[in-house]
file protein.txt (compact mmCIF, C-alpha atoms and all ligand atoms)
# COMPACT_ATOMS: atom_id res chain seq x y z
CA MET A 22 -72.12 21.20 -38.15
CA TYR A 23 -69.43 21.18 -35.43
CA ILE A 24 -66.36 19.01 -35.59
CA PHE A 25 -64.88 18.24 -32.17
CA LEU A 26 -61.15 17.57 -32.26
CA ARG A 27 -60.14 15.29 -29.41
CA LYS A 28 -56.82 16.77 -28.40
CA LYS A 29 -55.00 15.68 -25.32
CA GLY A 30 -56.03 17.84 -22.43
CA VAL A 31 -58.91 19.39 -24.32
CA ARG A 32 -62.02 17.32 -23.86
CA PRO A 33 -65.27 18.20 -25.52
CA ILE A 34 -68.22 18.38 -23.21
CA SER A 35 -70.73 16.23 -24.98
CA ARG A 36 -73.20 15.73 -22.11
CA LEU A 37 -74.22 17.80 -19.19
CA PHE A 38 -75.13 14.92 -16.88
CA CYS A 39 -73.08 12.14 -15.21
CA ALA A 40 -73.79 8.79 -16.88
CA ILE A 41 -74.03 7.05 -13.50
CA CYS A 42 -75.48 9.37 -10.88
CA GLY A 43 -77.06 11.88 -13.20
CA THR A 44 -75.59 14.93 -11.52
CA SER A 45 -75.13 18.00 -13.60
CA LYS A 46 -72.31 19.25 -11.42
CA ASP A 47 -69.26 19.44 -13.67
CA PRO A 48 -66.49 18.75 -14.45
CA PHE A 49 -66.91 15.46 -16.31
CA VAL A 50 -64.41 13.06 -17.81
CA ASP A 51 -65.62 10.27 -20.06
CA ASN A 52 -69.20 11.24 -19.15
CA LEU A 53 -68.58 10.70 -15.45
CA CYS A 54 -68.48 13.09 -12.55
CA GLU A 55 -65.41 13.12 -10.27
CA THR A 56 -66.94 10.94 -7.52
CA CYS A 57 -68.24 8.32 -9.94
CA TYR A 58 -65.04 8.32 -11.97
CA LYS A 59 -62.92 7.65 -8.87
CA LYS A 60 -65.24 4.78 -7.89
CA GLU A 61 -65.42 3.26 -11.37
CA LYS A 62 -61.85 3.78 -12.49
CA PRO A 63 -59.58 4.14 -9.49
CA LEU A 64 -55.90 4.99 -9.88
CA ASP A 65 -54.22 2.30 -11.93
CA VAL A 66 -51.18 1.60 -9.78
CA GLU A 67 -49.36 -1.53 -8.67
CA THR A 68 -46.22 -2.50 -6.85
CA ILE A 69 -44.58 -5.63 -5.51
CA LYS A 70 -46.81 -7.59 -3.14
CA GLN A 71 -44.16 -9.49 -1.20
CA ILE A 72 -40.45 -8.99 -0.54
CA GLU A 73 -38.17 -11.73 0.76
CA VAL A 74 -35.40 -10.61 3.13
CA GLU A 75 -32.80 -13.23 4.05
CA ILE A 76 -30.28 -12.49 6.78
CA CYS A 77 -27.08 -14.49 7.26
CA SER A 78 -27.03 -15.74 10.85
CA SER A 79 -23.24 -15.58 10.97
CA CYS A 80 -22.28 -12.29 9.37
CA GLY A 81 -25.51 -10.35 9.00
CA THR A 82 -25.24 -10.01 5.24
CA MET A 83 -28.69 -9.60 3.73
CA ARG A 84 -30.09 -10.93 0.52
CA ILE A 85 -33.13 -9.02 -0.66
CA GLN A 86 -34.77 -9.93 -3.95
CA GLY A 87 -31.60 -11.82 -4.85
CA LYS A 88 -29.30 -8.83 -4.26
CA ARG A 89 -26.61 -8.83 -1.57
CA PHE A 90 -26.39 -6.03 0.98
CA ASP A 91 -23.73 -5.44 3.56
CA PRO A 92 -25.22 -4.38 6.91
CA GLU A 93 -22.09 -2.33 7.60
CA ASP A 94 -23.22 0.11 4.93
CA PHE A 95 -26.19 1.05 7.13
CA THR A 96 -26.51 2.34 10.68
CA ASN A 97 -28.71 -0.52 11.88
CA ILE A 98 -30.62 -3.48 10.54
CA GLU A 99 -34.01 -1.79 10.81
CA GLU A 100 -32.86 1.21 8.78
CA ALA A 101 -31.11 -1.09 6.32
CA ILE A 102 -34.20 -3.18 5.63
CA ARG A 103 -36.40 -0.09 5.48
CA GLU A 104 -34.13 1.68 2.99
CA ILE A 105 -33.78 -1.32 0.73
CA VAL A 106 -37.45 -2.36 0.89
CA LYS A 107 -38.51 1.21 0.17
CA GLY A 108 -36.23 1.19 -2.84
CA VAL A 109 -37.74 -2.06 -4.14
CA VAL A 110 -41.33 -0.82 -3.62
CA ILE A 111 -40.62 2.38 -5.55
CA GLU A 112 -38.68 0.57 -8.24
CA LYS A 113 -41.55 -1.86 -8.81
CA LEU A 114 -44.18 0.86 -8.74
CA ARG A 115 -46.18 0.94 -11.96
CA ILE A 116 -48.18 4.10 -12.58
CA ASP A 117 -48.64 6.29 -15.64
CA SER A 118 -49.22 9.70 -14.08
CA PRO A 119 -46.78 11.75 -12.03
CA TYR A 120 -47.28 10.92 -8.36
CA LYS A 121 -46.32 11.66 -4.78
CA HIS A 122 -45.88 8.89 -2.26
CA ASP A 123 -45.92 8.38 1.45
CA TYR A 124 -44.38 5.36 3.02
CA SER A 125 -44.87 3.67 6.37
CA ASP A 126 -43.99 0.28 7.85
CA ASP A 127 -43.90 -1.66 11.10
CA ILE A 128 -40.37 -3.01 10.65
CA ASP A 129 -38.80 -3.15 14.10
CA GLU A 130 -35.23 -4.11 14.90
CA GLU A 131 -36.07 -5.50 18.31
CA LYS A 132 -38.73 -7.74 16.85
CA ILE A 133 -36.35 -8.95 14.15
CA ASN A 134 -33.55 -9.71 16.58
CA TYR A 135 -35.25 -10.89 19.72
CA LYS A 136 -38.79 -11.88 18.97
CA ARG A 137 -37.79 -13.48 15.71
CA LEU A 138 -40.89 -11.95 14.12
CA LYS A 139 -40.82 -12.83 10.50
CA ARG A 140 -43.51 -10.72 8.86
CA PHE A 141 -43.86 -6.99 8.49
CA ASN A 142 -46.14 -4.75 6.52
CA VAL A 143 -45.24 -1.84 4.35
CA THR A 144 -47.89 0.66 3.33
CA THR A 145 -47.30 2.99 0.45
CA SER A 146 -49.86 5.65 -0.22
CA ILE A 147 -49.82 7.16 -3.67
CA THR A 148 -51.29 10.50 -4.64
CA ALA A 149 -51.62 11.47 -8.28
CA LYS A 150 -53.56 13.91 -10.40
CA PRO A 151 -54.18 12.18 -13.72
CA PHE A 152 -56.74 14.75 -14.96
CA GLU A 153 -56.57 18.47 -15.12
CA GLU A 154 -60.33 18.62 -14.47
CA PHE A 155 -60.40 16.47 -11.30
CA GLY A 156 -58.69 16.73 -7.97
CA GLU A 157 -56.12 14.27 -6.57
CA PHE A 158 -56.60 10.49 -6.67
CA THR A 159 -55.17 8.37 -3.87
CA ALA A 160 -54.36 4.67 -3.63
CA ILE A 161 -53.02 2.53 -0.79
CA LEU A 162 -50.61 -0.28 -1.64
CA ASN A 163 -49.58 -3.03 0.73
CA THR A 164 -46.39 -5.03 0.58
CA LYS A 165 -45.49 -7.89 2.88
CA VAL A 166 -41.90 -8.27 4.03
CA ASN A 167 -40.86 -11.79 4.98
CA ILE A 168 -37.68 -12.16 6.98
CA SER A 169 -35.81 -15.44 7.13
CA ARG A 170 -32.39 -16.63 8.30
CA MET A 171 -29.80 -18.26 6.07
CA THR A 172 -26.07 -18.85 5.79
CA CYS A 173 -24.60 -16.72 3.02
CA ASP A 174 -22.26 -18.15 0.38
CA THR A 175 -19.17 -16.61 1.95
CA CYS A 176 -19.95 -17.90 5.42
CA SER A 177 -20.72 -21.37 4.16
CA LYS A 178 -17.46 -21.36 2.19
CA TYR A 179 -15.57 -20.17 5.27
CA LYS A 180 -17.28 -22.79 7.45
CA ALA A 181 -16.42 -25.46 4.93
CA GLY A 182 -12.79 -24.37 5.10
CA TYR A 183 -12.74 -22.99 1.60
CA PHE A 184 -9.47 -21.42 0.44
CA GLU A 185 -7.85 -20.94 -2.92
CA ALA A 186 -4.26 -20.28 -2.04
CA ILE A 187 -1.44 -20.88 0.38
CA LEU A 188 1.00 -18.16 1.28
CA GLN A 189 4.44 -19.18 2.43
CA VAL A 190 7.27 -16.96 3.58
CA ARG A 191 10.64 -18.59 4.16
CA GLY A 192 14.19 -17.49 4.75
CA GLU A 193 16.86 -18.33 2.20
CA ASN A 194 18.54 -21.21 4.08
CA ARG A 195 17.91 -19.46 7.37
CA GLN A 196 15.31 -18.86 10.02
CA ILE A 197 13.44 -15.60 10.11
CA THR A 198 14.36 -13.10 12.82
CA GLU A 199 12.05 -11.73 15.49
CA LYS A 200 12.20 -8.30 13.88
CA GLU A 201 11.19 -9.81 10.55
CA GLU A 202 8.26 -11.57 12.26
CA VAL A 203 7.07 -8.24 13.64
CA ARG A 204 7.51 -6.40 10.34
CA LEU A 205 5.75 -9.12 8.36
CA GLU A 206 2.82 -9.20 10.73
CA GLU A 207 2.49 -5.43 10.59
CA LEU A 208 2.49 -5.55 6.82
CA ILE A 209 -0.12 -8.33 6.67
CA ASN A 210 -2.32 -6.43 9.14
CA ILE A 211 -2.17 -3.27 7.03
CA ILE A 212 -3.33 -5.18 3.97
CA MET A 213 -6.04 -7.13 5.80
CA ASN A 214 -7.38 -3.92 7.38
CA LYS A 215 -7.92 -2.59 3.89
CA TYR A 216 -10.33 -5.48 3.31
CA GLU A 217 -12.26 -5.13 6.53
CA GLY A 218 -15.90 -5.76 5.71
CA SER A 219 -15.08 -7.48 2.46
CA ARG A 220 -16.19 -10.99 3.25
CA MET A 221 -14.28 -12.97 0.69
CA ALA A 222 -10.94 -11.65 1.99
CA TYR A 223 -9.94 -13.77 4.94
CA ILE A 224 -7.05 -15.79 6.28
CA LEU A 225 -8.28 -19.21 7.27
CA GLU A 226 -5.24 -20.56 9.09
CA TYR A 227 -2.19 -18.60 10.00
CA ASP A 228 1.08 -19.80 11.45
CA ILE A 229 4.14 -17.66 12.01
CA ASN A 230 7.31 -18.91 13.66
CA LYS A 231 11.07 -19.09 13.14
CA LYS A 232 10.55 -21.11 9.98
CA GLY A 233 8.41 -18.39 8.48
CA ILE A 234 4.75 -17.94 7.64
CA THR A 235 2.27 -20.49 6.36
CA ALA A 236 -1.27 -19.28 5.81
CA LYS A 237 -4.37 -20.40 3.99
CA ILE A 238 -5.78 -17.48 2.05
CA SER A 239 -9.37 -17.22 0.83
CA THR A 240 -8.63 -16.05 -2.70
CA LYS A 241 -5.74 -16.17 -5.14
CA MET A 242 -6.00 -12.45 -5.63
CA LEU A 243 -5.51 -11.73 -1.94
CA ALA A 244 -2.66 -14.23 -1.64
CA GLU A 245 -0.98 -12.65 -4.64
CA GLU A 246 -1.32 -9.18 -3.17
CA LEU A 247 0.13 -10.30 0.17
CA ALA A 248 3.03 -12.08 -1.55
CA ARG A 249 3.76 -9.04 -3.73
CA ALA A 250 3.75 -6.67 -0.75
CA ILE A 251 6.05 -8.93 1.28
CA LYS A 252 8.41 -9.35 -1.66
CA GLN A 253 8.60 -5.59 -2.17
CA LYS A 254 9.09 -4.77 1.48
CA THR A 255 11.79 -7.38 2.05
CA ALA A 256 13.50 -7.46 -1.37
CA GLY A 257 12.74 -11.18 -1.39
CA LYS A 258 11.96 -13.40 -4.35
CA SER A 259 8.55 -14.84 -5.06
CA THR A 260 7.38 -17.86 -6.96
CA THR A 261 3.96 -19.30 -7.61
CA ALA A 262 3.18 -22.98 -7.85
CA TYR A 263 -0.04 -23.92 -9.61
CA GLU A 264 -1.40 -27.16 -8.37
CA LEU A 265 -4.43 -28.93 -9.72
CA LYS A 266 -6.51 -29.54 -6.70
CA THR A 267 -10.04 -30.66 -7.28
CA LYS A 268 -13.10 -30.27 -9.43
CA ALA A 269 -15.79 -27.75 -8.61
CA ARG A 270 -19.44 -28.73 -8.55
CA ASP A 271 -19.89 -27.58 -12.13
CA GLY A 272 -17.03 -29.83 -13.22
CA THR A 273 -14.40 -27.14 -13.81
CA ASP A 274 -10.91 -27.62 -12.37
CA VAL A 275 -10.11 -25.65 -9.23
CA TYR A 276 -6.45 -24.81 -8.83
CA GLN A 277 -4.98 -24.14 -5.45
CA ASN A 278 -1.94 -21.92 -5.82
CA THR A 279 0.99 -21.64 -3.48
CA TYR A 280 2.63 -18.22 -3.30
CA LEU A 281 6.10 -18.53 -1.87
CA VAL A 282 8.24 -15.57 -0.88
CA ARG A 283 11.88 -16.26 -0.10
CA LEU A 284 13.39 -13.63 2.12
CA PRO A 285 16.94 -12.54 1.20
CA LYS A 286 19.92 -14.58 2.38
CA TYR A 287 20.65 -11.98 5.07
CA ALA A 288 18.23 -10.30 7.43
CA LEU A 289 18.56 -6.68 8.50
CA GLU A 290 20.98 -6.28 11.42
CA ASP A 291 22.70 -9.56 10.59
CA VAL A 292 26.45 -9.52 11.25
CA ILE A 293 28.50 -10.79 8.33
CA GLU A 294 32.12 -11.20 7.39
CA PHE A 295 32.82 -9.88 3.92
CA GLU A 296 36.18 -9.11 2.32
CA ASN A 297 37.94 -9.75 5.65
CA GLU A 298 35.88 -7.17 7.51
CA ILE A 299 32.93 -7.41 9.88
CA TRP A 300 29.77 -5.59 8.79
CA VAL A 301 26.14 -5.17 9.78
CA ILE A 302 23.38 -5.46 7.15
CA LYS A 303 21.61 -2.10 7.00
CA GLY A 304 19.47 -2.32 3.90
CA ILE A 305 18.65 -4.64 1.02
CA ILE A 306 17.06 -3.67 -2.26
CA GLU A 307 16.82 -5.61 -5.48
CA ASN A 308 20.46 -5.37 -6.59
CA GLN A 309 22.18 -3.69 -3.73
CA ILE A 310 23.13 -4.22 -0.11
CA LYS A 311 23.97 -1.44 2.33
CA LEU A 312 26.55 -2.44 4.94
CA GLU A 313 27.79 -0.68 8.04
CA SER A 314 31.45 -1.28 8.79
CA LEU A 315 32.16 -2.26 12.39
CA GLU A 316 35.70 -0.87 11.99
CA ASN A 317 34.54 2.75 11.58
CA HIS A 318 30.70 2.68 11.31
CA GLY A 319 30.83 4.05 7.77
CA ILE A 320 28.04 2.95 5.40
CA LYS A 321 28.95 1.37 2.09
CA LYS A 322 26.85 0.01 -0.77
CA PHE A 323 27.77 -3.21 -2.55
CA ASP A 324 26.41 -5.35 -5.34
CA ARG A 325 23.88 -7.63 -3.67
CA ARG A 326 24.95 -10.81 -5.45
CA ARG A 327 28.60 -10.28 -4.58
CA VAL A 328 27.85 -9.91 -0.87
CA GLU A 329 25.44 -12.85 -0.90
CA THR A 330 28.04 -15.05 -2.63
CA ASP A 331 31.19 -14.02 -0.76
CA GLY A 332 29.80 -12.92 2.59
CA ARG A 333 29.54 -15.25 5.59
CA ARG A 334 26.96 -14.85 8.26
CA ARG A 335 28.43 -14.73 11.75
CA PHE A 336 25.64 -15.70 14.05
CA TYR A 337 26.65 -18.74 16.06
CA GLN A 338 30.29 -17.68 16.27
CA ILE A 339 29.76 -14.37 18.02
CA VAL A 340 29.43 -13.87 21.77
CA GLU A 341 27.15 -10.99 22.69
CA ARG A 342 28.64 -8.49 25.12
CA LYS A 343 27.88 -5.15 26.72
CA PHE A 344 30.50 -2.48 27.31
CA MET A 345 30.77 0.85 29.07
CA VAL A 346 32.75 3.78 27.73
CA ILE A 347 34.93 4.99 30.63
CA SER A 348 36.92 7.87 29.10
CA PHE A 349 38.37 9.34 25.93
CA LYS A 350 41.95 10.34 25.31
CA GLY A 351 43.01 11.57 21.87
CA ASN A 352 41.64 9.13 19.33
CA MET A 353 41.48 6.32 21.88
CA ALA A 354 38.78 5.33 24.36
CA THR A 355 38.98 3.29 27.54
CA ILE A 356 36.27 0.64 27.53
CA MET A 357 35.09 -1.74 30.22
CA ALA A 358 33.48 -5.09 29.39
CA MET A 359 30.42 -5.49 31.61
CA ASP A 360 30.71 -9.27 31.95
CA ASN A 361 34.18 -9.34 33.57
CA TYR A 362 34.89 -5.62 34.29
CA GLU A 363 38.09 -5.83 32.29
CA ASN A 364 39.36 -2.47 30.95
CA PHE A 365 41.03 -2.00 27.60
CA GLU A 366 41.77 0.61 24.95
CA GLU A 367 39.99 0.91 21.62
CA LYS A 368 40.10 3.37 18.70
CA ILE A 369 37.22 5.84 19.01
CA GLU A 370 36.17 5.20 15.39
CA LYS A 371 35.34 1.59 16.29
CA LEU A 372 32.60 2.86 18.64
CA PRO A 373 29.13 3.93 17.50
CA LYS A 374 29.02 7.58 16.44
CA ASN A 375 28.34 10.26 19.10
CA VAL A 376 28.91 7.92 22.03
CA LYS A 377 29.70 9.76 25.28
CA GLU A 378 31.63 8.89 28.42
CA GLY A 379 29.58 6.77 30.81
CA GLN A 380 27.32 5.37 28.10
CA SER A 381 26.73 1.64 27.51
CA VAL A 382 27.28 -0.01 24.18
CA GLU A 383 25.94 -3.28 22.77
CA GLY A 384 28.38 -5.44 20.90
CA PHE A 385 30.02 -8.83 20.70
CA LEU A 386 33.23 -10.76 20.82
CA TYR A 387 34.32 -12.51 17.66
CA GLU A 388 37.66 -14.27 17.15
CA ASP A 389 39.18 -12.47 20.16
CA ARG A 390 38.19 -9.02 18.99
CA ASN A 391 35.46 -6.79 20.35
CA TYR A 392 32.91 -5.11 18.07
CA TYR A 393 30.50 -2.33 18.96
CA LEU A 394 27.05 -2.25 17.41
CA LYS A 395 25.05 0.55 18.99
CA LEU A 396 24.24 2.43 22.17
CA VAL A 397 22.18 0.45 24.68
CA GLU A 398 18.73 2.01 24.78
CA SER A 399 18.05 3.28 28.28
CA ASP A 400 15.26 0.76 29.02
CA ASP A 401 17.52 -2.20 28.06
CA ILE A 402 19.98 -1.56 30.91
ZN ZN A 501 -71.58 10.69 -10.96
ZN ZN A 502 -22.52 -14.64 6.09
call {"tool": "encode", "arguments": {"input": "protein.txt", "output": "structure tokens"}}
result
Amino acid sequence: MYIFLRKKGVRPISRLFCAICGTSKDPFVDNLCETCYKKEKPLDVETIKQIEVEICSSCGTMRIQGKRFDPEDFTNIEEAIREIVKGVVIEKLRIDSPYKHDYSDDIDEEKINYKRLKRFNVTTSITAKPFEEFGEFTAILNTKVNISRMTCDTCSKYKAGYFEAILQVRGENRQITEKEEVRLEELINIIMNKYEGSRMAYILEYDINKKGITAKISTKMLAEELARAIKQKTAGKSTTAYELKTKARDGTDVYQNTYLVRLPKYALEDVIEFENEIWVIKGIIENQIKLESLENHGIKKFDRRRVETDGRRRFYQIVERKFMVISFKGNMATIMAMDNYENFEEKIEKLPKNVKEGQSVEGFLYEDRNYYLKLVESDDI
């Protein structure tokens, strides 16, 4: 009496003939020869039969099996679809044995873009060796890829004028200067460049002029980041106003916030009168202002609040002037005003540092006295 133990991988040979074709040519598995086994019990393997690919007509974003893909992450649309579809086919592959696969498709960028062809075929051939005794089994799987056009959520929001926040930049009882306009725009560009390709970060409407900036910003988060950066860069103050705006489709309240940044009372390069002296604003940080004296061009730091309270801006009262330095003698210089060619003497320390004979200086006339700001840059002459 023999007892056959059916262990995995060790199969007892109980017959010497194939149950179907009767061949005696071994090996056998479950009483079948290799040819008959492959016919009767082919490789048990399945994958997804159809994949839906939706492409946004405006921005090219793709939605495949409900997942969003950014075309910028791929070299071209054909490669993008191929990579993603391949991934889905493999992910959905159901097979018990270890396998190798080969993949081919007729996805073609030109057909997608120009011929508007909507259907492609993907063929995946699977090779596996489920039994030690038999050779390799193969199976061919077909998946259809349907391509359709749509408008993605972001684009439809953008088209509908969707925005969550307003960004405002204003001067503290003053207009903003041209230099501030340039600096603010540079700063905003730096931040927006960081979000290039991120579709929910956009500025819907943007207006910059002497009154400041007013912009509609896609998200609160972006508006907050812009406001924070502007506040830090300018030492301004920021406030947020929460305003109940409307109800969303699901009934929840949607708040539209306004982020306001107030630029400091003085702009850089402003001329002010403070403690009976004329100064130029050179730097502003949270609690401190750096001033350049127009008596001797020395730099001094003051408490910001004190200067903002006691200082007076001198903008309308000054008359801009250009001067030329004619000669030096001792601690005095002979200066010529370029508007009337009048010559006069001035202490050297009142002139910008390192000025040389023959050089031009920018300045102004204020209450019958001349002040000298800086050398005229050669291309200004
Ligand atoms: Zn057989
Ligand atoms: Zn889109």
call {"tool": "residues_near_ligand", "arguments": {"input": "protein.txt", "ligand": "ligand ZN 501 (chain A)", "cutoff": "9 Å", "atoms": "all atoms listed in the file", "output": "NGL selection string"}}
result
:A and (38-46 or 49 or 52-58)
call {"tool": "closest_residue", "arguments": {"input": "protein.txt", "among": "A:Asp123, A:Asp117, A:Glu370, A:Glu130", "to": "Ala101 of chain A", "atoms": "all atoms listed in the file"}}
result
A:Glu130
call {"tool": "residues_near_ligand", "arguments": {"input": "protein.txt", "ligand": "ligand ZN 502 (chain A)", "cutoff": "9 Å", "atoms": "all atoms listed in the file", "output": "PyMOL selection string"}}
result
chain A and resi 76-83+171-177+179+220
call {"tool": "atom_distance", "arguments": {"input": "protein.txt", "atom1": "atom CA of Asn163 of chain A", "atom2": "atom CA of Leu64 of chain A"}}
result
14.7 Å
call {"tool": "closest_residue", "arguments": {"input": "protein.txt", "among": "A:Arg103, A:Arg115, A:Lys374, A:Lys311", "to": "Asp129 of chain A", "atoms": "all atoms listed in the file"}}
result
A:Arg103
call {"tool": "closest_residue", "arguments": {"input": "protein.txt", "among": "A:Ala181, A:Ala186, A:Val110, A:Ile238", "to": "Val166 of chain A", "atoms": "all atoms listed in the file"}}
result
A:Val110
call {"tool": "atom_distance", "arguments": {"input": "protein.txt", "atom1": "atom CA of Phe336 of chain A", "atom2": "atom CA of Glu202 of chain A"}}
result
18.0 Å
call {"tool": "closest_atom_pairs", "arguments": {"input": "protein.txt", "of": "segment 164-251 of chain A", "to": "segment 288-304 of chain A", "cutoff": "8 Å", "atoms": "only C-alpha atoms", "output": "JSON lines"}}
result
{"residue": "A:Ile197", "atom": "CA", "partner": "A:Ala288", "partner_atom": "CA", "distance": 7.6}
{"residue": "A:Thr198", "atom": "CA", "partner": "A:Ala288", "partner_atom": "CA", "distance": 7.2}
{"residue": "A:Glu201", "atom": "CA", "partner": "A:Ala288", "partner_atom": "CA", "distance": 7.7}
call {"tool": "residues_near_point", "arguments": {"input": "protein.txt", "point": "(39.7, 5.5, 19.4)", "cutoff": "7 Å", "atoms": "all atoms listed in the file", "output": "ChimeraX atom specification"}}
result
/A:352-354,367-371
call {"tool": "closest_residue", "arguments": {"input": "protein.txt", "among": "A:Asp324, A:Glu366, A:Glu157, A:Glu398", "to": "Ser381 of chain A", "atoms": "only C-alpha atoms"}}
result
A:Glu398
call {"tool": "atom_distance", "arguments": {"input": "protein.txt", "atom1": "atom CA of Lys232 of chain A", "atom2": "atom CA of Gly192 of chain A"}}
result
7.3 Å
call {"tool": "axis_aligned_box", "arguments": {"input": "protein.txt", "around": "segment 244-262 of chain A", "padding_each_side": "8 Å", "output": "AutoDock Vina command-line options"}}
result
--center_x 5.4 --center_y -13.9 --center_z -2.9 --size_x 32.2 --size_y 34.2 --size_z 25.9
call {"tool": "closest_residue", "arguments": {"input": "protein.txt", "among": "A:Gly384, A:Pro119, A:Gly218, A:Pro63", "to": "Phe90 of chain A", "atoms": "only C-alpha atoms"}}
result
A:Gly218
call {"tool": "residues_around", "arguments": {"input": "protein.txt", "residues": "segment 375-377 of chain A", "least_positions_apart": "6", "cutoff": "9 Å", "atoms": "all atoms listed in the file", "output": "ChimeraX atom specification"}}
result
/A:346-349,395-396
call {"tool": "closest_residue", "arguments": {"input": "protein.txt", "among": "A:Asp389, A:Asp126, A:Glu154, A:Glu341", "to": "Lys107 of chain A", "atoms": "only C-alpha atoms"}}
result
A:Asp126
call {"tool": "residues_around", "arguments": {"input": "protein.txt", "residues": "Asn167 of chain A", "least_positions_apart": "6", "cutoff": "7 Å", "atoms": "only C-alpha atoms", "output": "short mmCIF file (atom, residue, chain, number, x, y, z; two decimals) with C-alpha atoms, in the coordinates of the input"}}
result
data_model
loop_
_atom_site.label_atom_id
_atom_site.label_comp_id
_atom_site.auth_asym_id
_atom_site.auth_seq_id
_atom_site.Cartn_x
_atom_site.Cartn_y
_atom_site.Cartn_z
CA ILE A 72 -40.45 -8.99 -0.54
CA GLU A 73 -38.17 -11.73 0.76
CA VAL A 74 -35.40 -10.61 3.13
CA LYS A 139 -40.82 -12.83 10.50
CA ARG A 140 -43.51 -10.72 8.86
CA PHE A 141 -43.86 -6.99 8.49
#
call {"tool": "residues_around", "arguments": {"input": "protein.txt", "residues": "Lys343 of chain A", "least_positions_apart": "3", "cutoff": "12 Å", "atoms": "all atoms listed in the file", "output": "list in words"}}
result
Val340, Val346, Ile356, Met357, Ala358, Met359, Asp360, Asn361, Tyr362, Glu363, Gln380, Ser381, Val382, Glu383, Gly384, Phe385, Leu386, Asn391, Tyr392, Tyr393, Leu394, Lys395, Leu396, Val397, Glu398, Asp401 and Ile402 of chain A
call {"tool": "residues_around", "arguments": {"input": "protein.txt", "residues": "segment 247-261 of chain A", "least_positions_apart": "5", "cutoff": "8 Å", "atoms": "all atoms listed in the file", "output": "list in words"}}
result
Leu188, Leu205, Leu208, Ile209, Ile212, Asn278, Thr279, Tyr280, Leu281, Val282, Arg283, Leu284, Pro285, Ile305, Ile306 and Glu307 of chain A
call {"tool": "build_atoms", "arguments": {"input": "protein.txt", "residues": "segment 100-110 of chain A", "atoms": "N, CA, C and O atoms", "output": "PDB file, in the coordinates of the input"}}
result
ATOM      1  N   GLU A 100     -33.031   0.183   9.810  1.00  0.00           N
ATOM      2  CA  GLU A 100     -32.860   1.210   8.780  1.00  0.00           C
ATOM      3  C   GLU A 100     -32.485   0.572   7.443  1.00  0.00           C
ATOM      4  O   GLU A 100     -32.966   0.978   6.389  1.00  0.00           O
ATOM      5  N   ALA A 101     -31.590  -0.430   7.538  1.00  0.00           N
ATOM      6  CA  ALA A 101     -31.110  -1.090   6.320  1.00  0.00           C
ATOM      7  C   ALA A 101     -32.276  -1.712   5.572  1.00  0.00           C
ATOM      8  O   ALA A 101     -32.477  -1.458   4.384  1.00  0.00           O
ATOM      9  N   ILE A 102     -33.077  -2.497   6.297  1.00  0.00           N
ATOM     10  CA  ILE A 102     -34.200  -3.180   5.630  1.00  0.00           C
ATOM     11  C   ILE A 102     -35.182  -2.147   5.092  1.00  0.00           C
ATOM     12  O   ILE A 102     -35.651  -2.240   3.965  1.00  0.00           O
ATOM     13  N   ARG A 103     -35.445  -1.118   5.898  1.00  0.00           N
ATOM     14  CA  ARG A 103     -36.400  -0.090   5.480  1.00  0.00           C
ATOM     15  C   ARG A 103     -35.927   0.564   4.176  1.00  0.00           C
ATOM     16  O   ARG A 103     -36.690   0.674   3.217  1.00  0.00           O
ATOM     17  N   GLU A 104     -34.667   0.999   4.172  1.00  0.00           N
ATOM     18  CA  GLU A 104     -34.130   1.680   2.990  1.00  0.00           C
ATOM     19  C   GLU A 104     -34.228   0.810   1.743  1.00  0.00           C
ATOM     20  O   GLU A 104     -34.650   1.264   0.692  1.00  0.00           O
ATOM     21  N   ILE A 105     -33.820  -0.447   1.909  1.00  0.00           N
ATOM     22  CA  ILE A 105     -33.780  -1.320   0.730  1.00  0.00           C
ATOM     23  C   ILE A 105     -35.193  -1.662   0.260  1.00  0.00           C
ATOM     24  O   ILE A 105     -35.496  -1.601  -0.928  1.00  0.00           O
ATOM     25  N   VAL A 106     -36.066  -1.989   1.242  1.00  0.00           N
ATOM     26  CA  VAL A 106     -37.450  -2.360   0.890  1.00  0.00           C
ATOM     27  C   VAL A 106     -38.154  -1.197   0.202  1.00  0.00           C
ATOM     28  O   VAL A 106     -38.819  -1.355  -0.819  1.00  0.00           O
ATOM     29  N   LYS A 107     -37.949   0.002   0.745  1.00  0.00           N
ATOM     30  CA  LYS A 107     -38.510   1.210   0.170  1.00  0.00           C
ATOM     31  C   LYS A 107     -38.067   1.347  -1.301  1.00  0.00           C
ATOM     32  O   LYS A 107     -38.881   1.616  -2.183  1.00  0.00           O
ATOM     33  N   GLY A 108     -36.797   1.117  -1.493  1.00  0.00           N
ATOM     34  CA  GLY A 108     -36.230   1.190  -2.840  1.00  0.00           C
ATOM     35  C   GLY A 108     -36.904   0.212  -3.794  1.00  0.00           C
ATOM     36  O   GLY A 108     -37.253   0.552  -4.918  1.00  0.00           O
ATOM     37  N   VAL A 109     -37.122  -1.031  -3.288  1.00  0.00           N
ATOM     38  CA  VAL A 109     -37.740  -2.060  -4.140  1.00  0.00           C
ATOM     39  C   VAL A 109     -39.190  -1.672  -4.456  1.00  0.00           C
ATOM     40  O   VAL A 109     -39.638  -1.775  -5.595  1.00  0.00           O
ATOM     41  N   VAL A 110     -39.921  -1.204  -3.422  1.00  0.00           N
ATOM     42  CA  VAL A 110     -41.330  -0.820  -3.620  1.00  0.00           C
ATOM     43  C   VAL A 110     -41.435   0.269  -4.684  1.00  0.00           C
ATOM     44  O   VAL A 110     -42.265   0.189  -5.592  1.00  0.00           O
TER      45      VAL A 110
END
